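**Student:** The structure file query14.txt (compact mmCIF, C-alpha atoms and all ligand atoms) is provided below.
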```
# COMPACT_ATOMS: atom_id res chain seq x y z
CA MET U 63 1.63 40.30 -14.82
CA TYR U 64 4.40 39.84 -17.37
CA GLU U 65 6.47 42.82 -18.47
CA THR U 66 7.39 41.58 -21.93
CA ILE U 67 5.90 39.47 -24.69
CA GLU U 68 8.90 37.12 -24.45
CA GLU U 69 8.25 36.48 -20.72
CA LEU U 70 4.59 35.81 -21.43
CA GLN U 71 5.36 33.54 -24.39
CA ASN U 72 7.89 31.61 -22.34
CA SER U 73 5.37 31.14 -19.55
CA ILE U 74 2.91 29.33 -21.81
CA LYS U 75 5.26 27.11 -23.77
CA ASP U 76 4.19 23.94 -21.93
CA CYS U 77 0.54 24.91 -21.51
CA ARG U 78 -1.81 21.98 -20.90
CA LYS U 79 -4.76 23.95 -19.55
CA CYS U 80 -7.20 22.57 -22.11
CA LYS U 81 -7.64 19.53 -24.35
CA LEU U 82 -6.37 21.34 -27.47
CA CYS U 83 -2.82 20.72 -26.22
CA ASN U 84 -3.22 17.03 -27.10
CA GLY U 85 -3.34 17.56 -30.87
CA ARG U 86 -1.02 20.51 -31.33
CA LYS U 87 2.30 20.58 -33.16
CA ASN U 88 3.02 24.16 -32.09
CA ILE U 89 1.51 26.78 -29.85
CA VAL U 90 0.63 29.69 -32.13
CA PHE U 91 1.33 32.51 -29.72
CA GLY U 92 1.14 35.54 -32.03
CA CYS U 93 3.53 37.63 -34.06
CA GLY U 94 4.33 41.14 -35.14
CA ASN U 95 5.29 44.47 -33.67
CA GLN U 96 5.15 44.56 -29.89
CA ASN U 97 4.55 48.33 -30.00
CA ALA U 98 1.80 48.06 -32.59
CA ASP U 99 -1.04 50.59 -32.66
CA ILE U 100 -3.23 48.01 -34.41
CA MET U 101 -3.78 44.43 -33.27
CA PHE U 102 -5.65 41.78 -35.27
CA ILE U 103 -7.37 38.95 -33.43
CA GLY U 104 -8.50 35.80 -35.20
CA GLU U 105 -10.12 32.63 -33.97
CA GLY U 106 -7.51 29.91 -33.71
CA PRO U 107 -4.73 28.25 -35.70
CA GLY U 108 -5.48 26.10 -38.73
CA ALA U 109 -3.27 23.31 -40.08
CA ASP U 110 -0.65 25.63 -41.65
CA GLU U 111 -0.43 27.78 -38.54
CA ASP U 112 -0.12 24.68 -36.33
CA SER U 113 2.75 23.41 -38.50
CA GLN U 114 4.60 26.71 -38.74
CA GLY U 115 3.82 28.22 -35.32
CA ASP U 116 2.67 31.60 -36.66
CA PRO U 117 -0.86 33.00 -37.12
CA PHE U 118 -2.48 33.54 -40.51
CA VAL U 119 0.16 31.92 -42.71
CA GLY U 120 -2.28 29.70 -44.67
CA LYS U 121 -4.85 30.52 -47.35
CA ALA U 122 -6.85 32.95 -45.21
CA GLY U 123 -3.60 34.62 -44.14
CA LYS U 124 -2.52 35.10 -47.76
CA LEU U 125 -5.83 36.78 -48.47
CA MET U 126 -5.35 38.99 -45.43
CA ASN U 127 -1.83 39.89 -46.65
CA ASN U 128 -3.27 40.86 -50.05
CA ALA U 129 -5.81 43.10 -48.35
CA PHE U 130 -3.00 44.64 -46.24
CA ASP U 131 -1.06 45.37 -49.46
CA ILE U 132 -4.10 46.99 -51.07
CA VAL U 133 -4.75 49.40 -48.18
CA GLY U 134 -1.09 49.92 -47.21
CA ILE U 135 -0.79 48.01 -43.94
CA ASN U 136 2.67 46.57 -43.30
CA ARG U 137 2.32 43.21 -41.53
CA ASN U 138 5.52 43.98 -39.62
CA ASN U 139 3.92 47.07 -38.06
CA VAL U 140 0.87 45.33 -36.58
CA TYR U 141 0.44 42.50 -34.09
CA ILE U 142 -1.56 39.37 -34.96
CA ALA U 143 -2.91 36.82 -32.48
CA ASN U 144 -5.79 34.43 -31.96
CA ILE U 145 -8.42 33.72 -29.31
CA VAL U 146 -7.04 30.20 -28.80
CA LYS U 147 -3.37 29.40 -29.28
CA CYS U 148 -3.68 25.73 -30.20
CA ARG U 149 -5.43 24.25 -33.23
CA PRO U 150 -8.97 22.98 -32.73
CA PRO U 151 -9.30 19.57 -34.42
CA ASN U 152 -10.64 19.70 -38.01
CA ASN U 153 -10.79 23.49 -37.70
CA ARG U 154 -13.93 23.33 -35.59
CA ASP U 155 -14.91 26.37 -33.51
CA PRO U 156 -13.05 26.60 -30.20
CA GLU U 157 -15.32 25.42 -27.39
CA PRO U 158 -16.23 27.73 -24.47
CA ASP U 159 -13.99 25.90 -21.97
CA GLU U 160 -11.04 26.20 -24.39
CA VAL U 161 -11.68 29.93 -24.88
CA ASN U 162 -12.00 30.44 -21.12
CA MET U 163 -8.70 28.70 -20.44
CA CYS U 164 -6.82 30.63 -23.15
CA ILE U 165 -8.30 34.14 -23.12
CA ASN U 166 -6.09 35.42 -20.29
CA TYR U 167 -3.03 34.89 -22.47
CA LEU U 168 -4.59 37.20 -25.02
CA ARG U 169 -5.59 39.71 -22.32
CA ASN U 170 -1.97 39.79 -21.19
CA GLN U 171 -0.79 40.27 -24.78
CA VAL U 172 -3.13 43.26 -25.07
CA LEU U 173 -1.92 44.69 -21.73
CA ILE U 174 1.72 44.49 -22.87
CA ILE U 175 1.23 45.69 -26.46
CA LYS U 176 -1.35 48.39 -25.58
CA PRO U 177 -2.84 48.70 -29.07
CA LYS U 178 -5.05 51.69 -29.82
CA ILE U 179 -7.22 49.68 -32.19
CA ILE U 180 -8.16 45.99 -32.17
CA VAL U 181 -9.58 44.45 -35.33
CA LEU U 182 -11.81 41.49 -34.44
CA LEU U 183 -11.74 38.95 -37.24
CA GLY U 184 -15.03 37.10 -37.31
CA ARG U 185 -17.71 35.89 -34.93
CA ILE U 186 -15.55 33.97 -32.46
CA ALA U 187 -13.15 36.89 -31.91
CA LEU U 188 -16.08 39.33 -31.62
CA THR U 189 -18.14 37.35 -29.13
CA SER U 190 -15.15 36.14 -27.08
CA ILE U 191 -13.89 39.71 -26.61
CA LEU U 192 -17.01 41.89 -26.57
CA GLY U 193 -19.66 39.41 -25.44
CA GLN U 194 -22.20 36.94 -26.74
CA ASP U 195 -24.78 39.67 -27.46
CA TYR U 196 -22.74 40.90 -30.42
CA LYS U 197 -23.58 39.54 -33.88
CA ILE U 198 -20.96 39.77 -36.61
CA THR U 199 -23.55 40.53 -39.31
CA SER U 200 -24.86 43.63 -37.50
CA SER U 201 -21.59 44.70 -35.78
CA ARG U 202 -19.27 44.47 -38.78
CA GLY U 203 -17.76 47.81 -39.74
CA LYS U 204 -19.03 49.60 -36.61
CA TRP U 205 -16.66 50.91 -33.97
CA VAL U 206 -17.05 49.82 -30.36
CA GLU U 207 -15.06 51.67 -27.69
CA LYS U 208 -14.31 49.85 -24.46
CA ASN U 209 -11.81 50.84 -21.76
CA GLY U 210 -10.00 53.21 -24.11
CA ILE U 211 -9.51 50.67 -26.91
CA TYR U 212 -11.35 51.02 -30.22
CA TYR U 213 -12.62 47.74 -31.63
CA MET U 214 -13.46 47.19 -35.30
CA PRO U 215 -15.34 43.94 -35.92
CA THR U 216 -14.98 42.63 -39.47
CA TRP U 217 -15.32 39.41 -41.45
CA HIS U 218 -12.93 36.59 -40.79
CA PRO U 219 -10.59 36.33 -43.83
CA ALA U 220 -11.73 32.70 -44.35
CA ALA U 221 -15.25 34.05 -44.95
CA LEU U 222 -13.85 36.03 -47.90
CA LEU U 223 -12.66 32.76 -49.43
CA ARG U 224 -16.24 31.48 -49.33
CA ASP U 225 -17.95 34.73 -50.37
CA GLU U 226 -16.05 37.11 -52.66
CA THR U 227 -18.55 39.93 -52.07
CA LYS U 228 -17.29 40.27 -48.49
CA LYS U 229 -13.86 41.39 -49.75
CA ILE U 230 -15.10 44.93 -50.37
CA ASP U 231 -16.38 45.18 -46.77
CA PHE U 232 -13.11 43.84 -45.44
CA ILE U 233 -11.04 46.35 -47.45
CA ASN U 234 -13.34 49.20 -46.42
CA ASP U 235 -13.08 48.22 -42.76
CA LEU U 236 -9.27 48.20 -42.98
CA LYS U 237 -9.29 51.60 -44.68
CA ASN U 238 -11.58 52.88 -41.92
CA VAL U 239 -9.10 51.59 -39.32
CA LEU U 240 -6.25 53.51 -40.94
CA VAL U 241 -8.25 56.74 -41.11
CA TYR U 242 -9.32 56.35 -37.47
CA LEU U 243 -5.76 55.72 -36.33
CA LYS U 244 -4.59 58.85 -38.12
CA ASN U 245 -7.31 60.86 -36.36
CA ILE U 246 -6.46 59.41 -32.93
CA ASN U 247 -2.81 60.29 -33.48
CA ILE U 248 -3.64 63.85 -34.63
CA ASP U 249 -5.88 64.33 -31.56
CA ASN U 250 -3.00 63.21 -29.33
CA ILE U 251 -0.70 65.85 -30.84
CA ASN U 252 -3.21 68.73 -30.46
N1 LIG Y 1 -7.73 31.42 -38.90
C1 LIG Y 1 -7.60 32.03 -37.71
O1 LIG Y 1 -8.57 32.41 -37.08
N2 LIG Y 1 -6.37 32.22 -37.24
C2 LIG Y 1 -5.28 31.83 -37.88
O2 LIG Y 1 -4.19 32.06 -37.37
C3 LIG Y 1 -5.45 31.20 -39.13
C4 LIG Y 1 -6.68 31.01 -39.63
```
If you took the structure in this file and wrote it as structure tokens, what would it be?
Ligand code: URA
**Tutor:**
Amino acid sequence: MYETIEELQNSIKDCRKCKLCNGRKNIVFGCGNQNADIMFIGEGPGADEDSQGDPFVGKAGKLMNNAFDIVGINRNNVYIANIVKCRPPNNRDPEPDEVNMCINYLRNQVLIIKPKIIVLLGRIALTSILGQDYKITSSRGKWVEKNGIYYMPTWHPAALLRDETKKIDFINDLKNVLVYLKNINIDNIN
């Protein structure tokens, strides 16, 4: 078990545990506040993320930033990571063996950061974390509590680029997250 995010990040810098290492420019480890109450988990890096080494810096990331601005989330106060840390070729879904090889890095990130709430962005994040029985269409917007962490499944920001009507759901889910966090924090004071 690693004590700090830096130790963990350093330990994976030469990772060759799956075939995604062959095509990567950068490992996209994750970024943000290491004491964050809220963590966002996406699927895997796209081309922009692979080039720059940070998650959600491309088109989908810009949309997510806009949504953060609308509801009042400061990107510097949350932590953002992905299920797989290296870019799947042509932005295909990560394959089960790739997810299995990578998911412990994410588990360790969660153990170090200890978020109160995890927002699962899209189907791959939802099923990789909560299990294959979960469907994004029926789970979206509904809290799931597991081992003391509250999970909010929502649309992947790239889905909002394809279907504008999903933006309202996404914004509402983020607002719900903020209200929930406030309530958790009030309960902890009382
Ligand atoms: N899509 C993701 O799932 N993650 C990123 O970091 C960028 C796009």
**Student:** Using only C-alpha atoms and all ligand atoms, find each protein or nucleic acid residue lying at most 12 Å from ligand LIG 1 (chain Y); present the set as a count of residues only.
**Tutor:** 59
**Student:** When you draw a straight line from CA of Gln96 (chain U) to CA of Tyr64 (chain U), how long is it in Å?
**Tutor:**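 Separation between CA of Gln96 (chain U) and CA of Tyr64 (chain U): 13.4 Å.
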**Student:** Which one of U:Asn152, U:Asn247, U:Thr216, U:Asn238 sits closest to Val133 (chain U) if you count all atoms listed in the file?
**Tutor:**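 Nearest to Val133 (chain U): U:Asn238.
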**Student:** What gap, in Å, lies between CA of Pro215 (chain U) and CA of Tyr242 (chain U)?
**Tutor:**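 Atom-to-atom, CA of Pro215 (chain U) and CA of Tyr242 (chain U) are spaced 13.9 Å apart.
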**Student:** Can you pull out the residues contacting Lys178 (chain U)? Cut-off 7 Å, using only C-alpha atoms, and skip same-chain residues under 5 positions away; I want them as a list in words.
**Tutor:**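 Residues meeting the cut-off are Asp99, Ile100, Ile211 and Tyr212 of chain U.
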**Student:** Which one is closest to Ser190 (chain U): U:Met214, U:Val161, U:Leu173, U:Val140? Count all atoms listed in the file.
**Tutor:** U:Val161
**Student:** For region 204-218 of chain U, supply N, CA and C atoms and report the output as a PDB file, in the frame of the given file.
**Tutor:**
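Saved result, out_18.pdb, follows:
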```
ATOM      1  N   LYS U 204     -18.605  48.557 -37.574  1.00  0.00           N
ATOM      2  CA  LYS U 204     -19.030  49.600 -36.610  1.00  0.00           C
ATOM      3  C   LYS U 204     -18.097  49.629 -35.407  1.00  0.00           C
ATOM      4  N   TRP U 205     -17.586  50.791 -35.088  1.00  0.00           N
ATOM      5  CA  TRP U 205     -16.660  50.910 -33.970  1.00  0.00           C
ATOM      6  C   TRP U 205     -17.340  50.639 -32.638  1.00  0.00           C
ATOM      7  N   VAL U 206     -16.609  49.983 -31.756  1.00  0.00           N
ATOM      8  CA  VAL U 206     -17.050  49.820 -30.360  1.00  0.00           C
ATOM      9  C   VAL U 206     -15.874  50.290 -29.500  1.00  0.00           C
ATOM     10  N   GLU U 207     -16.137  51.225 -28.574  1.00  0.00           N
ATOM     11  CA  GLU U 207     -15.060  51.670 -27.690  1.00  0.00           C
ATOM     12  C   GLU U 207     -15.267  51.036 -26.321  1.00  0.00           C
ATOM     13  N   LYS U 208     -14.213  50.461 -25.781  1.00  0.00           N
ATOM     14  CA  LYS U 208     -14.310  49.850 -24.460  1.00  0.00           C
ATOM     15  C   LYS U 208     -12.973  50.039 -23.744  1.00  0.00           C
ATOM     16  N   ASN U 209     -13.023  50.609 -22.575  1.00  0.00           N
ATOM     17  CA  ASN U 209     -11.810  50.840 -21.760  1.00  0.00           C
ATOM     18  C   ASN U 209     -10.677  51.488 -22.558  1.00  0.00           C
ATOM     19  N   GLY U 210     -11.027  52.444 -23.400  1.00  0.00           N
ATOM     20  CA  GLY U 210     -10.000  53.210 -24.110  1.00  0.00           C
ATOM     21  C   GLY U 210      -9.453  52.539 -25.362  1.00  0.00           C
ATOM     22  N   ILE U 211      -9.951  51.343 -25.677  1.00  0.00           N
ATOM     23  CA  ILE U 211      -9.510  50.670 -26.910  1.00  0.00           C
ATOM     24  C   ILE U 211     -10.665  50.720 -27.908  1.00  0.00           C
ATOM     25  N   TYR U 212     -10.331  50.994 -29.168  1.00  0.00           N
ATOM     26  CA  TYR U 212     -11.350  51.020 -30.220  1.00  0.00           C
ATOM     27  C   TYR U 212     -11.333  49.688 -30.966  1.00  0.00           C
ATOM     28  N   TYR U 213     -12.496  49.048 -30.980  1.00  0.00           N
ATOM     29  CA  TYR U 213     -12.620  47.740 -31.630  1.00  0.00           C
ATOM     30  C   TYR U 213     -13.347  47.878 -32.960  1.00  0.00           C
ATOM     31  N   MET U 214     -12.793  47.245 -33.996  1.00  0.00           N
ATOM     32  CA  MET U 214     -13.460  47.190 -35.300  1.00  0.00           C
ATOM     33  C   MET U 214     -13.748  45.717 -35.631  1.00  0.00           C
ATOM     34  N   PRO U 215     -15.002  45.297 -35.506  1.00  0.00           N
ATOM     35  CA  PRO U 215     -15.340  43.940 -35.920  1.00  0.00           C
ATOM     36  C   PRO U 215     -15.434  43.869 -37.452  1.00  0.00           C
ATOM     37  N   THR U 216     -14.859  42.827 -38.016  1.00  0.00           N
ATOM     38  CA  THR U 216     -14.980  42.630 -39.470  1.00  0.00           C
ATOM     39  C   THR U 216     -15.083  41.142 -39.786  1.00  0.00           C
ATOM     40  N   TRP U 217     -15.230  40.833 -41.060  1.00  0.00           N
ATOM     41  CA  TRP U 217     -15.320  39.410 -41.450  1.00  0.00           C
ATOM     42  C   TRP U 217     -14.012  38.693 -41.150  1.00  0.00           C
ATOM     43  N   HIS U 218     -14.121  37.422 -40.853  1.00  0.00           N
ATOM     44  CA  HIS U 218     -12.930  36.590 -40.790  1.00  0.00           C
ATOM     45  C   HIS U 218     -12.413  36.394 -42.229  1.00  0.00           C
TER      46      HIS U 218
END
```
